[in-house]
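Asks: Encoded as structure tokens, here's the structure I'll be asking about.
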Amino acid sequence: MPQYEEITVDGSPTRLCVGTPSGTGPHPAMVVMCHGAGLDGFTEDRVDQLAKAGYVTAAPDMFHRIPHITDSAEKRANMTDTEIANDIVATIDYLQAREDVEGTRIGIVGHCMGGRMSFQGAIVSDAIKACVVYYGGNMMKAWGSNEPKTPFEQLDQITCPVIGFFGLEDANPSPADVDEIEASLKANGIDYVFHRYEGAGHAFQNFLNEKSYREEPTKDSWTHMLAFLKNHLG
């Protein structure tokens, strides 16, 4: 089971949900970006499953600056892209400082808002060698009033391969949004592959949400993801 550790980001104590594989390593590592519910049972399970697959895994609490806010939508409205980038870089630093991590083999994965953040991680840090995106929306919006560019406008900064998973019944990102993201990756010569699933909408992998969960896309996407990570991280 995952354990919790603490780091400091921008002067704020920040929880990390950490999963450790068996063996002494050094192991490849994964940053896990949480969905809107934060470090809940779903995110903890993703950390655990990746650790079982051989990756030292760390998921930062993305709401550590605003613990007084409880509403999920309000929490997201109070986040900024600069703060998100700082949290990602601090998590990468934590992983690279561990003796059981091979610091040149680090990837990132995220679901929902975490999928958007997964793109951001690949944009801001060339330490990320593999980027996994599950139905990351709001790519065409900047979070924070002083942010100069949206994640979509910075996709040309990505230097690692990308794999993405999307439901064709999703509204955010919509199939048209995914087409735009794909076109940008292609135009910028970024190594990518996208998988799109019929009969699936947003959060199709979240087994805690009976309405949205879809078993077959969940299994298929996880299999493709593990093969992608093995190929690029070992």
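The chains in the structure tokens are called A, B, ... from first to last as shown; in each chain the residues are counted from 1, and the ligands are counted from 1 in the order shown.
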Each residue of range 90-144 of chain A lying at most 9 Å from range 163-186 of chain A should get a row with its shortest atom-to-atom pair and the distance in Å to one decimal, counting only C-alpha atoms; could you produce that, ordered by chain and increasing number, as a Markdown table?
Replies:
```
| residue | atom | partner | partner_atom | distance |
| --- | --- | --- | --- | --- |
| A:Cys112 | CA | A:Asn172 | CA | 8.8 |
| A:Gly115 | CA | A:Gly164 | CA | 8.7 |
| A:Ala130 | CA | A:Ile163 | CA | 8.2 |
| A:Cys131 | CA | A:Ile163 | CA | 6.4 |
| A:Val132 | CA | A:Ile163 | CA | 5.0 |
| A:Val133 | CA | A:Gly164 | CA | 4.6 |
| A:Tyr134 | CA | A:Phe165 | CA | 4.9 |
| A:Tyr135 | CA | A:Phe166 | CA | 4.9 |
| A:Gly136 | CA | A:Pro173 | CA | 6.4 |
| A:Gly137 | CA | A:Pro173 | CA | 4.4 |
| A:Asn138 | CA | A:Asn172 | CA | 6.8 |
| A:Met139 | CA | A:Pro173 | CA | 8.0 |
| A:Met140 | CA | A:Asp177 | CA | 8.5 |
```
Asks: Just the selected residues (all heavy atoms), exported as a compact mmCIF listing (two decimals), in the first residue's frame, please.
Replies:
```txt
# COMPACT_ATOMS: atom_id res chain seq x y z
N CYS A 112 -7.91 13.36 -15.86
CA CYS A 112 -8.79 14.52 -15.77
C CYS A 112 -7.92 15.79 -15.66
O CYS A 112 -7.09 16.03 -16.53
CB CYS A 112 -9.74 14.36 -14.59
SG CYS A 112 -11.01 15.63 -14.44
N GLY A 115 -4.50 14.95 -16.16
CA GLY A 115 -4.04 14.76 -17.53
C GLY A 115 -3.51 16.05 -18.11
O GLY A 115 -2.49 16.08 -18.80
N ALA A 130 8.65 10.35 -20.43
CA ALA A 130 7.45 9.71 -20.98
C ALA A 130 6.24 10.38 -20.34
O ALA A 130 6.19 10.55 -19.12
CB ALA A 130 7.44 8.21 -20.70
N CYS A 131 5.27 10.75 -21.17
CA CYS A 131 4.10 11.50 -20.70
C CYS A 131 2.83 10.72 -21.03
O CYS A 131 2.59 10.39 -22.19
CB CYS A 131 4.08 12.87 -21.36
SG CYS A 131 2.61 13.86 -21.01
N VAL A 132 2.03 10.45 -20.00
CA VAL A 132 0.77 9.71 -20.17
C VAL A 132 -0.39 10.61 -19.78
O VAL A 132 -0.41 11.15 -18.66
CB VAL A 132 0.75 8.44 -19.30
CG1 VAL A 132 -0.53 7.65 -19.55
CG2 VAL A 132 1.98 7.58 -19.56
N VAL A 133 -1.34 10.76 -20.68
CA VAL A 133 -2.47 11.67 -20.46
C VAL A 133 -3.79 10.90 -20.56
O VAL A 133 -4.08 10.29 -21.59
CB VAL A 133 -2.47 12.81 -21.50
CG1 VAL A 133 -3.70 13.70 -21.32
CG2 VAL A 133 -1.19 13.62 -21.39
N TYR A 134 -4.54 10.93 -19.46
CA TYR A 134 -5.89 10.37 -19.47
C TYR A 134 -6.88 11.53 -19.48
O TYR A 134 -6.99 12.28 -18.52
CB TYR A 134 -6.13 9.51 -18.24
CG TYR A 134 -5.70 8.07 -18.39
CD1 TYR A 134 -4.42 7.67 -18.03
CD2 TYR A 134 -6.58 7.10 -18.87
CE1 TYR A 134 -4.01 6.35 -18.15
CE2 TYR A 134 -6.18 5.78 -19.00
CZ TYR A 134 -4.91 5.40 -18.65
OH TYR A 134 -4.52 4.09 -18.76
N TYR A 135 -7.57 11.66 -20.60
CA TYR A 135 -8.67 12.63 -20.79
C TYR A 135 -8.43 13.98 -20.10
O TYR A 135 -9.25 14.45 -19.31
CB TYR A 135 -10.02 12.03 -20.35
CG TYR A 135 -10.00 11.08 -19.17
CD1 TYR A 135 -10.02 11.54 -17.86
CD2 TYR A 135 -9.99 9.70 -19.37
CE1 TYR A 135 -10.03 10.67 -16.78
CE2 TYR A 135 -10.00 8.81 -18.29
CZ TYR A 135 -10.01 9.31 -17.01
OH TYR A 135 -10.02 8.44 -15.93
N GLY A 136 -7.29 14.58 -20.41
CA GLY A 136 -6.95 15.88 -19.84
C GLY A 136 -7.67 17.01 -20.57
O GLY A 136 -7.45 17.22 -21.76
N GLY A 137 -8.54 17.73 -19.87
CA GLY A 137 -9.30 18.82 -20.47
C GLY A 137 -8.73 20.18 -20.12
O GLY A 137 -7.68 20.30 -19.49
N ASN A 138 -9.45 21.21 -20.52
CA ASN A 138 -9.07 22.61 -20.23
C ASN A 138 -7.69 22.97 -20.75
O ASN A 138 -7.01 23.83 -20.18
CB ASN A 138 -9.14 22.89 -18.73
CG ASN A 138 -10.57 22.87 -18.21
OD1 ASN A 138 -11.45 23.52 -18.76
ND2 ASN A 138 -10.80 22.11 -17.15
N MET A 139 -7.28 22.33 -21.83
CA MET A 139 -5.95 22.60 -22.38
C MET A 139 -5.86 23.97 -23.04
O MET A 139 -4.78 24.54 -23.16
CB MET A 139 -5.59 21.51 -23.39
CG MET A 139 -5.26 20.17 -22.77
SD MET A 139 -3.68 20.23 -21.90
CE MET A 139 -2.55 20.42 -23.27
N MET A 140 -6.99 24.49 -23.47
CA MET A 140 -7.00 25.77 -24.17
C MET A 140 -7.26 26.94 -23.22
O MET A 140 -7.52 28.06 -23.65
CB MET A 140 -8.04 25.78 -25.28
CG MET A 140 -7.67 24.92 -26.48
SD MET A 140 -7.82 23.14 -26.15
CE MET A 140 -7.53 22.46 -27.77
```
Asks: Could you list, as a PyMOL selection string, every residue within 7 Å of range 47-57 of chain A, counting only C-alpha atoms and ignoring same-chain residues fewer than 5 positions away?
Replies: chain A and resi 1-2+18-21+27-32+101
Asks: Store the residues picked out above, limited to N, CA, C and O atoms, as an mmCIF file, in the first residue's frame.
Replies:
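What landed in result_22.cif:
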```
data_model
loop_
_atom_site.group_PDB
_atom_site.id
_atom_site.type_symbol
_atom_site.label_atom_id
_atom_site.label_comp_id
_atom_site.auth_asym_id
_atom_site.auth_seq_id
_atom_site.Cartn_x
_atom_site.Cartn_y
_atom_site.Cartn_z
ATOM 1 N N MET A 1 0.831 -1.198 0.000
ATOM 2 C CA MET A 1 0.000 0.000 0.000
ATOM 3 C C MET A 1 0.874 1.260 0.000
ATOM 4 O O MET A 1 1.955 1.279 0.573
ATOM 5 N N PRO A 2 0.383 2.331 -0.631
ATOM 6 C CA PRO A 2 1.159 3.579 -0.637
ATOM 7 C C PRO A 2 1.319 4.159 0.765
ATOM 8 O O PRO A 2 0.496 3.934 1.648
ATOM 9 N N VAL A 18 3.211 7.995 -1.878
ATOM 10 C CA VAL A 18 4.396 7.347 -2.448
ATOM 11 C C VAL A 18 4.217 5.836 -2.482
ATOM 12 O O VAL A 18 3.823 5.215 -1.489
ATOM 13 N N GLY A 19 4.517 5.256 -3.627
ATOM 14 C CA GLY A 19 4.528 3.812 -3.782
ATOM 15 C C GLY A 19 5.923 3.334 -4.131
ATOM 16 O O GLY A 19 6.610 3.941 -4.963
ATOM 17 N N THR A 20 6.361 2.251 -3.505
ATOM 18 C CA THR A 20 7.722 1.739 -3.696
ATOM 19 C C THR A 20 7.680 0.289 -4.148
ATOM 20 O O THR A 20 7.063 -0.551 -3.477
ATOM 21 N N PRO A 21 8.313 -0.053 -5.258
ATOM 22 C CA PRO A 21 8.327 -1.441 -5.719
ATOM 23 C C PRO A 21 9.253 -2.293 -4.874
ATOM 24 O O PRO A 21 10.055 -1.783 -4.086
ATOM 25 N N HIS A 27 15.210 1.982 -9.595
ATOM 26 C CA HIS A 27 14.025 1.780 -10.402
ATOM 27 C C HIS A 27 13.723 3.024 -11.236
ATOM 28 O O HIS A 27 14.098 4.137 -10.854
ATOM 29 N N PRO A 28 12.994 2.854 -12.335
ATOM 30 C CA PRO A 28 12.397 4.031 -12.963
ATOM 31 C C PRO A 28 11.315 4.596 -12.047
ATOM 32 O O PRO A 28 10.922 3.946 -11.068
ATOM 33 N N ALA A 29 10.849 5.785 -12.343
ATOM 34 C CA ALA A 29 9.894 6.435 -11.444
ATOM 35 C C ALA A 29 8.783 7.116 -12.235
ATOM 36 O O ALA A 29 8.937 7.448 -13.413
ATOM 37 N N MET A 30 7.654 7.341 -11.547
ATOM 38 C CA MET A 30 6.506 8.009 -12.143
ATOM 39 C C MET A 30 5.966 9.079 -11.199
ATOM 40 O O MET A 30 5.801 8.831 -10.003
ATOM 41 N N VAL A 31 5.676 10.236 -11.759
ATOM 42 C CA VAL A 31 4.905 11.266 -11.072
ATOM 43 C C VAL A 31 3.447 11.042 -11.438
ATOM 44 O O VAL A 31 3.111 10.897 -12.621
ATOM 45 N N VAL A 32 2.569 10.994 -10.446
ATOM 46 C CA VAL A 32 1.141 10.801 -10.686
ATOM 47 C C VAL A 32 0.404 12.083 -10.311
ATOM 48 O O VAL A 32 0.459 12.522 -9.161
ATOM 49 N N VAL A 101 15.958 5.354 -7.024
ATOM 50 C CA VAL A 101 15.407 5.849 -8.285
ATOM 51 C C VAL A 101 16.531 6.126 -9.274
ATOM 52 O O VAL A 101 17.547 6.744 -8.930
#
```
Asks: Within 9 Å of Leu39 in chain A, counting only C-alpha atoms, which residues show up once you throw out same-chain ones fewer than 6 positions away? Write them as a VMD selection string, please.
Replies: chain A and resid 16 to 17 59 to 62
Asks: Would you kindly return, as a PyMOL selection string, each protein, DNA or RNA residue with an atom no farther than 8 Å from any atom of Val124 in chain A, considering only C-alpha atoms and excluding same-chain residues fewer than 2 positions away?
Replies: chain A and resi 85+120-122+126+157-158
Asks: Compile the contact shell of Ser72 in chain A as a VMD selection string: residues with an atom at most 9 Å away, counting only C-alpha atoms, same-chain residues fewer than 3 positions apart removed.
Replies: chain A and resid 36 to 38 69 75 to 77
Asks: Keeping only N, CA, C and O atoms, write those residues as a PDB file, in the first residue's frame.
Replies:
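As a result, part_18.pdb now contains:
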```
ATOM      1  N   GLY A  36      -9.623  15.670  -9.927  1.00  0.00           N
ATOM      2  CA  GLY A  36     -10.219  16.725  -9.124  1.00  0.00           C
ATOM      3  C   GLY A  36     -10.527  16.347  -7.698  1.00  0.00           C
ATOM      4  O   GLY A  36     -10.631  17.220  -6.829  1.00  0.00           O
ATOM      5  N   ALA A  37     -10.669  15.047  -7.440  1.00  0.00           N
ATOM      6  CA  ALA A  37     -10.947  14.588  -6.078  1.00  0.00           C
ATOM      7  C   ALA A  37      -9.697  14.534  -5.214  1.00  0.00           C
ATOM      8  O   ALA A  37      -9.781  14.251  -4.014  1.00  0.00           O
ATOM      9  N   GLY A  38      -8.538  14.799  -5.799  1.00  0.00           N
ATOM     10  CA  GLY A  38      -7.305  14.821  -5.019  1.00  0.00           C
ATOM     11  C   GLY A  38      -6.747  13.439  -4.751  1.00  0.00           C
ATOM     12  O   GLY A  38      -6.916  12.507  -5.548  1.00  0.00           O
ATOM     13  N   ILE A  69     -10.342  25.342   1.476  1.00  0.00           N
ATOM     14  CA  ILE A  69     -11.394  25.232   0.468  1.00  0.00           C
ATOM     15  C   ILE A  69     -11.759  23.758   0.303  1.00  0.00           C
ATOM     16  O   ILE A  69     -10.885  22.917   0.086  1.00  0.00           O
ATOM     17  N   LYS A  75     -11.687  24.740  -5.623  1.00  0.00           N
ATOM     18  CA  LYS A  75     -10.263  24.433  -5.503  1.00  0.00           C
ATOM     19  C   LYS A  75      -9.553  24.641  -6.836  1.00  0.00           C
ATOM     20  O   LYS A  75      -8.512  25.312  -6.908  1.00  0.00           O
ATOM     21  N   ARG A  76     -10.113  24.066  -7.894  1.00  0.00           N
ATOM     22  CA  ARG A  76      -9.485  24.198  -9.210  1.00  0.00           C
ATOM     23  C   ARG A  76      -9.421  25.662  -9.655  1.00  0.00           C
ATOM     24  O   ARG A  76      -8.469  26.073 -10.307  1.00  0.00           O
ATOM     25  N   ALA A  77     -10.444  26.429  -9.296  1.00  0.00           N
ATOM     26  CA  ALA A  77     -10.478  27.834  -9.677  1.00  0.00           C
ATOM     27  C   ALA A  77      -9.405  28.648  -8.971  1.00  0.00           C
ATOM     28  O   ALA A  77      -9.053  29.736  -9.429  1.00  0.00           O
TER      29      ALA A  77
END
```
Asks: Please return, as a VMD selection string, all residues of range 53-234 of chain A that DSSP assigns to helix (DSSP H, G or I) on the basis of the backbone.
Replies: chain A and resid 72 to 77 81 to 97 113 to 124 152 to 157 175 to 187 215 to 233
Asks: Using only C-alpha atoms, which protein or nucleic acid residues come within 8 Å of Arg105 in chain A? Drop anything in the same chain fewer than 4 positions from it, and give the result as a VMD selection string.
Replies: chain A and resid 28 to 29 127 to 129 233 to 234
Asks: Which residue is closest to Pro151 in chain A? Choose from A:Thr24, A:Thr218, A:Thr14, A:Ser118 and count only C-alpha atoms.
Replies: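 Looking only at the distances to Pro151 in chain A, the closest residue turns out to be A:Ser118.
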Asks: From a DSSP calculation on the backbone, collect every residue of chain A in strand (DSSP E or B) and output the set as a PyMOL selection string.
Replies: chain A and resi 3-9+12-19+27-33+56-60+101-111+128-134+162-167+192-197
Asks: Could you turn the residues from that selection into a file that holds C-alpha atoms, as a short mmCIF file (atom, residue, chain, number, x, y, z; two decimals), in the first residue's frame?
Replies:
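Result file is part-v7.cif:
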```
data_model
loop_
_atom_site.label_atom_id
_atom_site.label_comp_id
_atom_site.auth_asym_id
_atom_site.auth_seq_id
_atom_site.Cartn_x
_atom_site.Cartn_y
_atom_site.Cartn_z
CA GLN A 3 2.65 5.62 2.18
CA TYR A 4 2.56 9.36 2.79
CA GLU A 5 5.64 11.56 3.02
CA GLU A 6 6.08 15.33 3.18
CA ILE A 7 8.09 17.81 1.15
CA THR A 8 8.04 21.62 1.06
CA VAL A 9 7.01 23.57 -2.03
CA SER A 12 4.17 25.13 2.03
CA PRO A 13 4.23 21.59 3.48
CA THR A 14 3.04 19.20 0.80
CA ARG A 15 1.93 15.60 1.15
CA LEU A 16 3.19 13.00 -1.30
CA CYS A 17 1.45 9.67 -1.79
CA VAL A 18 4.40 7.35 -2.45
CA GLY A 19 4.53 3.81 -3.78
CA HIS A 27 14.02 1.78 -10.40
CA PRO A 28 12.40 4.03 -12.96
CA ALA A 29 9.89 6.44 -11.44
CA MET A 30 6.51 8.01 -12.14
CA VAL A 31 4.91 11.27 -11.07
CA VAL A 32 1.14 10.80 -10.69
CA MET A 33 -1.04 13.90 -11.04
CA VAL A 56 8.80 4.34 -7.60
CA THR A 57 5.72 6.53 -7.68
CA ALA A 58 4.87 9.88 -6.10
CA ALA A 59 1.57 11.79 -6.27
CA PRO A 60 1.66 15.35 -4.85
CA VAL A 101 15.41 5.85 -8.28
CA GLU A 102 17.24 6.03 -11.59
CA GLY A 103 16.87 9.78 -12.10
CA THR A 104 17.15 9.66 -15.88
CA ARG A 105 14.07 7.43 -16.18
CA ILE A 106 11.10 9.43 -14.91
CA GLY A 107 7.65 9.65 -16.45
CA ILE A 108 4.38 11.37 -15.60
CA VAL A 109 0.73 10.32 -15.73
CA GLY A 110 -2.49 12.08 -14.83
CA HIS A 111 -6.26 11.75 -15.08
CA ILE A 128 10.23 13.79 -17.91
CA LYS A 129 10.97 11.06 -20.44
CA ALA A 130 7.45 9.71 -20.98
CA CYS A 131 4.10 11.50 -20.70
CA VAL A 132 0.77 9.71 -20.17
CA VAL A 133 -2.47 11.67 -20.46
CA TYR A 134 -5.89 10.37 -19.47
CA VAL A 162 3.30 11.12 -25.32
CA ILE A 163 0.49 8.59 -25.07
CA GLY A 164 -3.10 9.73 -24.59
CA PHE A 165 -6.41 8.03 -23.80
CA PHE A 166 -9.76 9.66 -24.48
CA GLY A 167 -13.45 8.80 -24.48
CA TYR A 192 2.76 10.52 -29.76
CA VAL A 193 -0.03 7.98 -29.98
CA PHE A 194 -3.67 8.57 -29.02
CA HIS A 195 -6.28 5.93 -28.20
CA ARG A 196 -9.96 6.85 -28.40
CA TYR A 197 -12.74 4.71 -27.01
#
```
